[in-house]
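Student: Just dropping this structure here.
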Amino acid sequence: MIAAVVALAVAAASAPDPALAARGRKLYGQLCARCHGAELVNTGTTAFDLRQFPLDGHDRFVTSVNKGRNAMPAWESSVTPEEIEMLWAYVSAHADPPAPKGD
Ligand code: HEC
């Protein structure tokens with residue numbers, strides 16, 4: 001169990017696993033899309049635009065999803081660590097390059 005989580009975390013730190021990302025996409029559609037937008041597309045005005053989330057921010061992602069952040073609910077009672085890694089695989093596979101500063 002712990003080994004599986006570590007293996008997932010290591011996989012997520014390098015190139016996202018497409019199978020994991022596909023499962024994350026489904027979960028995202030069920031749990032996150034109502035605020036963050038279908039297929040990660042939103043304007044970034046009401047909820048964070050997840051396409052802009054920093055690719056080196058895995059730990060921040062896990063903490064924010066578990067604990068919540070401002071208007072964002074905490075998910076630790078409803079998603080497992082494995083599911084968070086699926087969500088991370090999905091989000092990190094679809095990141096746009098960050099917007100240029102001053103844009
Ligand atoms: C009820 C609406 C809502 C839902 C549902 C929701 N979020 Fe959020 N989320 C927000 C808002 C609002 C913010 C911006 C919080 C802030 O920084 O003020 C946010 C921010 C975030 C951030 C950025 C946190 C940071 O460190 O800056 C991540 C990552 C995130 N959400 C992931 C998710 C994931 C994954 C799901 C599905 C499990 C989800 N959210 C579901 C409203 C939501």
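Going by the structure tokens order, chains are called A, B, ..., each with residues numbered from 1, while ligands are numbered from 1 in the order shown.
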Please identify all protein, DNA and RNA residues within 10 Å of ligand 1, counting only C-alpha atoms and all ligand atoms, and report them as an NGL selection string.
Tutor: :A and (24-25 or 27-37 or 40 or 44-54 or 57-76 or 78-79 or 83-88 or 90-91)
Student: Report, in Å to a single decimal, how far apart atom CA of Ala21 of chain A and atom CA of Ser92 of chain A are.
Tutor: 8.6 Å
Student: Give me, please, the distance in Å between atom CA of Ala89 of chain A and atom CA of Lys26 of chain A, quoted to one decimal.
Tutor: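 Going from atom CA of Ala89 of chain A over to atom CA of Lys26 of chain A covers 11.8 Å.
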Student: Do you have the atom CA of Glu82 of chain A-atom CA of Thr43 of chain A distance handy?
Tutor: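 Between atom CA of Glu82 of chain A and atom CA of Thr43 of chain A the gap is 28.1 Å.
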